[in-house]
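What follows is the content of query-v1.cif, which has mmCIF, C-alpha atoms:
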```cif
data_structure
loop_
_atom_site.label_atom_id
_atom_site.label_comp_id
_atom_site.auth_asym_id
_atom_site.auth_seq_id
_atom_site.Cartn_x
_atom_site.Cartn_y
_atom_site.Cartn_z
CA MET A 100 75.25 1.78 -32.67
CA ALA A 101 74.15 5.32 -32.92
CA LEU A 102 71.08 4.27 -30.94
CA TRP A 103 73.25 3.06 -28.04
CA LYS A 104 75.20 6.26 -28.03
CA ASP A 105 72.01 8.35 -28.14
CA GLU A 106 70.42 6.53 -25.20
CA PRO A 107 73.20 7.20 -22.64
CA VAL A 108 72.98 10.93 -23.34
CA PRO A 109 69.20 11.04 -22.60
CA GLN A 110 69.78 8.81 -19.56
CA THR A 111 71.44 11.64 -17.68
CA SER A 112 68.48 14.02 -17.77
CA PRO A 113 65.27 12.44 -19.21
CA GLN A 114 65.66 9.03 -17.56
CA PRO A 115 65.48 10.30 -13.98
CA VAL A 116 62.34 12.17 -14.99
CA ALA A 117 61.00 8.93 -16.50
CA LYS A 118 61.90 7.00 -13.31
CA THR A 119 60.03 9.46 -11.15
CA PRO A 120 56.69 8.92 -12.93
CA GLU A 121 57.32 5.16 -12.87
CA LYS A 122 57.82 5.33 -9.13
CA VAL A 123 54.67 7.42 -8.78
CA ALA A 124 52.78 4.87 -10.86
CA VAL A 125 54.11 2.04 -8.72
CA LEU A 126 53.26 3.91 -5.55
CA SER A 127 49.75 4.66 -6.78
CA ALA A 128 49.31 1.03 -7.79
CA VAL A 129 50.48 -0.01 -4.35
CA SER A 130 48.23 2.55 -2.69
CA ASP A 131 45.17 1.42 -4.71
CA PRO A 132 44.98 -1.99 -3.00
CA ALA A 133 45.68 -0.33 0.36
CA PRO A 134 42.11 1.01 0.74
CA ARG A 135 40.90 -2.45 1.72
CA PRO A 136 37.92 -1.25 3.76
CA ALA A 137 35.90 -1.70 0.53
CA PRO A 138 35.49 -5.45 1.12
CA ALA A 139 33.96 -4.75 4.53
CA PRO A 140 30.89 -3.02 3.01
CA ASN A 141 30.63 -5.90 0.54
CA ARG A 142 30.51 -8.31 3.45
CA ALA A 143 27.86 -6.17 5.12
CA ASP A 144 25.90 -6.09 1.84
CA ALA A 145 26.38 -9.83 1.33
CA SER A 146 23.15 -10.57 3.19
CA MET A 147 21.34 -7.97 1.08
CA LYS A 148 22.51 -8.90 -2.40
CA GLU A 149 19.99 -8.87 -5.20
CA SER A 150 18.85 -11.99 -7.03
CA ILE A 151 17.47 -11.50 -10.52
CA ILE A 152 15.08 -13.54 -12.61
CA ALA A 153 15.96 -12.25 -16.06
CA ALA A 154 13.54 -11.34 -18.81
CA GLY A 155 12.70 -14.32 -20.98
CA LEU A 156 12.90 -16.79 -18.08
CA THR A 157 9.91 -18.61 -16.63
CA ILE A 158 10.46 -20.13 -13.20
CA GLU A 159 8.06 -21.98 -10.93
CA GLY A 160 8.74 -22.56 -7.25
CA LYS A 161 9.20 -20.63 -4.04
CA ILE A 162 11.60 -17.86 -3.04
CA GLU A 163 12.51 -17.46 0.63
CA GLY A 164 15.36 -15.83 2.51
CA ALA A 165 17.13 -12.56 3.16
CA GLY A 166 18.08 -10.26 0.33
CA HIS A 167 16.54 -8.36 -2.52
CA VAL A 168 14.76 -10.00 -5.46
CA ARG A 169 14.21 -8.47 -8.89
CA ILE A 170 11.88 -10.23 -11.30
CA ALA A 171 12.11 -9.28 -14.97
CA GLY A 172 10.71 -12.55 -16.34
CA ASP A 173 7.82 -14.77 -15.24
CA PHE A 174 7.64 -16.37 -11.81
CA LYS A 175 4.92 -18.66 -10.45
CA GLY A 176 5.06 -19.20 -6.71
CA ASP A 177 5.27 -17.40 -3.41
CA VAL A 178 7.97 -14.87 -2.56
CA ASN A 179 8.86 -14.42 1.13
CA VAL A 180 11.99 -12.29 1.58
CA GLN A 181 13.50 -10.06 4.21
CA GLY A 182 14.40 -7.41 1.70
CA ASN A 183 12.90 -5.71 -1.33
CA LEU A 184 10.96 -7.25 -4.20
CA THR A 185 10.91 -5.44 -7.53
CA ILE A 186 8.71 -6.59 -10.38
CA GLU A 187 10.02 -4.95 -13.53
CA PRO A 188 7.77 -3.62 -16.31
CA GLY A 189 6.85 -6.56 -18.55
CA ALA A 190 7.41 -9.11 -15.77
CA HIS A 191 4.68 -11.33 -14.34
CA LEU A 192 4.47 -12.80 -10.84
CA THR A 193 1.71 -15.21 -9.88
CA GLY A 194 1.75 -15.89 -6.14
CA GLY A 195 1.72 -14.39 -2.69
CA VAL A 196 4.30 -11.82 -1.61
CA LYS A 197 5.83 -10.97 1.75
CA ALA A 198 8.70 -8.47 1.59
CA ASP A 199 9.85 -5.25 3.25
CA THR A 200 9.30 -3.11 0.16
CA VAL A 201 7.42 -4.18 -2.96
CA VAL A 202 7.72 -2.24 -6.22
CA VAL A 203 5.28 -3.34 -8.91
CA GLY A 204 6.14 -2.24 -12.42
CA GLY A 205 4.86 -5.39 -14.11
CA GLN A 206 1.91 -7.60 -13.22
CA LEU A 207 1.30 -9.26 -9.86
CA ASP A 208 -1.52 -11.79 -9.57
CA GLY A 209 -1.58 -12.49 -5.84
CA ASN A 210 -1.68 -10.89 -2.44
CA ILE A 211 0.89 -8.60 -0.85
CA ASP A 212 0.93 -9.16 2.89
CA ALA A 213 2.61 -7.09 5.60
CA ALA A 214 4.96 -5.03 3.45
CA SER A 215 6.19 -1.82 5.03
CA ARG A 216 5.97 0.00 1.69
CA VAL A 217 4.34 -0.78 -1.67
CA GLU A 218 4.81 1.21 -4.87
CA LEU A 219 2.60 0.74 -7.91
CA LEU A 220 4.47 2.23 -10.84
CA GLN A 221 2.79 3.65 -13.93
CA THR A 222 3.08 0.29 -15.70
CA GLY A 223 2.12 -1.74 -12.59
CA VAL A 224 -0.89 -4.05 -12.35
CA LEU A 225 -1.99 -5.68 -9.09
CA ASN A 226 -4.75 -8.30 -9.04
CA GLY A 227 -5.14 -9.23 -5.39
CA GLU A 228 -5.27 -7.95 -1.86
CA LEU A 229 -2.76 -5.54 -0.43
CA LYS A 230 -1.74 -4.98 3.18
CA ALA A 231 1.06 -2.46 3.69
CA GLY A 232 2.34 0.31 5.92
CA SER A 233 2.31 2.79 3.06
CA LEU A 234 1.13 2.74 -0.54
CA THR A 235 2.30 4.90 -3.42
CA VAL A 236 0.21 4.75 -6.58
CA ALA A 237 1.40 6.28 -9.85
CA ALA A 238 -1.03 7.57 -12.44
CA GLY A 239 -1.71 4.86 -14.98
CA SER A 240 -1.24 1.92 -12.60
CA ARG A 241 -4.11 -0.53 -12.15
CA MET A 242 -5.37 -2.53 -9.18
CA ARG A 243 -8.24 -4.95 -8.71
CA GLY A 244 -8.77 -6.07 -5.11
CA LYS A 245 -8.78 -4.85 -1.55
CA ALA A 246 -6.16 -2.53 -0.07
CA GLU A 247 -5.29 -1.84 3.56
CA PHE A 248 -2.49 0.59 4.26
CA GLY A 249 -1.42 3.03 6.92
CA TRP A 250 -2.29 0.71 9.78
CA ASP A 251 0.51 -0.60 11.93
CA GLU A 252 0.15 -3.66 14.13
CA LYS A 253 -0.26 -1.63 17.35
CA SER A 254 -3.12 0.52 16.09
CA LYS A 255 -5.18 -2.49 14.89
CA HIS A 256 -6.05 -3.43 18.50
#
```

Output the file's structure in the form of structure tokens.
Amino acid sequence: MALWKDEPVPQTSPQPVAKTPEKVAVLSAVSDPAPRPAPAPNRADASMKESIIAAGLTIEGKIEGAGHVRIAGDFKGDVNVQGNLTIEPGAHLTGGVKADTVVVGGQLDGNIDAASRVELLQTGVLNGELKAGSLTVAAGSRMRGKAEFGWDEKSKH
């Protein structure tokens, strides 16, 4: 019973102080969901989400559509995306590529056609032809094939 008698005494001064932080916590919890504009960027990014082929997976087929693709495993087939294609170090892609930006950190056995930008990373290997708006080559990367870059469609005529 001494506990019951001790609690009413602290209720007069400490409890209102305790209620104030509780109200602040409730208000902050209520205000956290209020910034709901965050889902709007997610909806805008929905068309540009990234699909991943994880390391250790081997997939054969065709990839087409809008969005970014990251390959960390092995993929056999053509990739045609309105977005970026990233081939991670250790990954292997066998097939043709059409994408806005292509980053090669692994091995690509196939042609890159009409990319606006291609990056060959230090660990990147390209066996095939390359046609791009710009090309960035890191020291240590390797390429066997033909490369055309810096030419836009208008200046080819």

Q) How far is it from atom CA of Ala238 of chain A to atom CA of His167 of chain A, in Å with one decimal? A)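 Here the two named atoms are 25.7 Å from each other.
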
Q: Using atom CA of Val178 of chain A and atom CA of Gly232 of chain A as the two end points, give the distance in Å to one decimal.
A: 18.3 Å

Q: Check the smallest atom-to-atom distance from each of A:Gly249, A:Gly205, A:Gly239, A:Gly194 to Gly172 of chain A using only C-alpha atoms, then report the winner.
A: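 Selected residue with least distance to Gly172 of chain A: A:Gly205.
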
**Q.** Selection under test: the PyMOL selection byres ((chain A and resi 213-216) around 10); residues as a ChimeraX atom specification
**A.** /A:181-184,196-202,210-212,217-218,229-235,247-249,251-252

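For the pair atom CA of Glu159 of chain A and atom CA of Gly176 of chain A, the interatomic distance is 5.9 Å.
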
Q. How would you write, as a PyMOL selection string, the residues chosen by the PyMOL selection byres ((chain A and resi 241) around 12) on this structure?
A. chain A and resi 203-208+218-227+236-240+242-244

Q) Which one is closest to Glu163 of chain A: A:Asn179, A:Thr185, A:Ser150, A:Thr193? Count only C-alpha atoms. A)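 Nearest candidate to Glu163 of chain A out of A:Asn179, A:Thr185, A:Ser150, A:Thr193: A:Asn179.
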
Q) Taking the file as shown, what set of residues would the PyMOL selection byres ((chain A and resi 174) around 12) give back, as a PyMOL selection string? A) chain A and resi 151-162+168-173+175-178+186-187+189-196+205-209
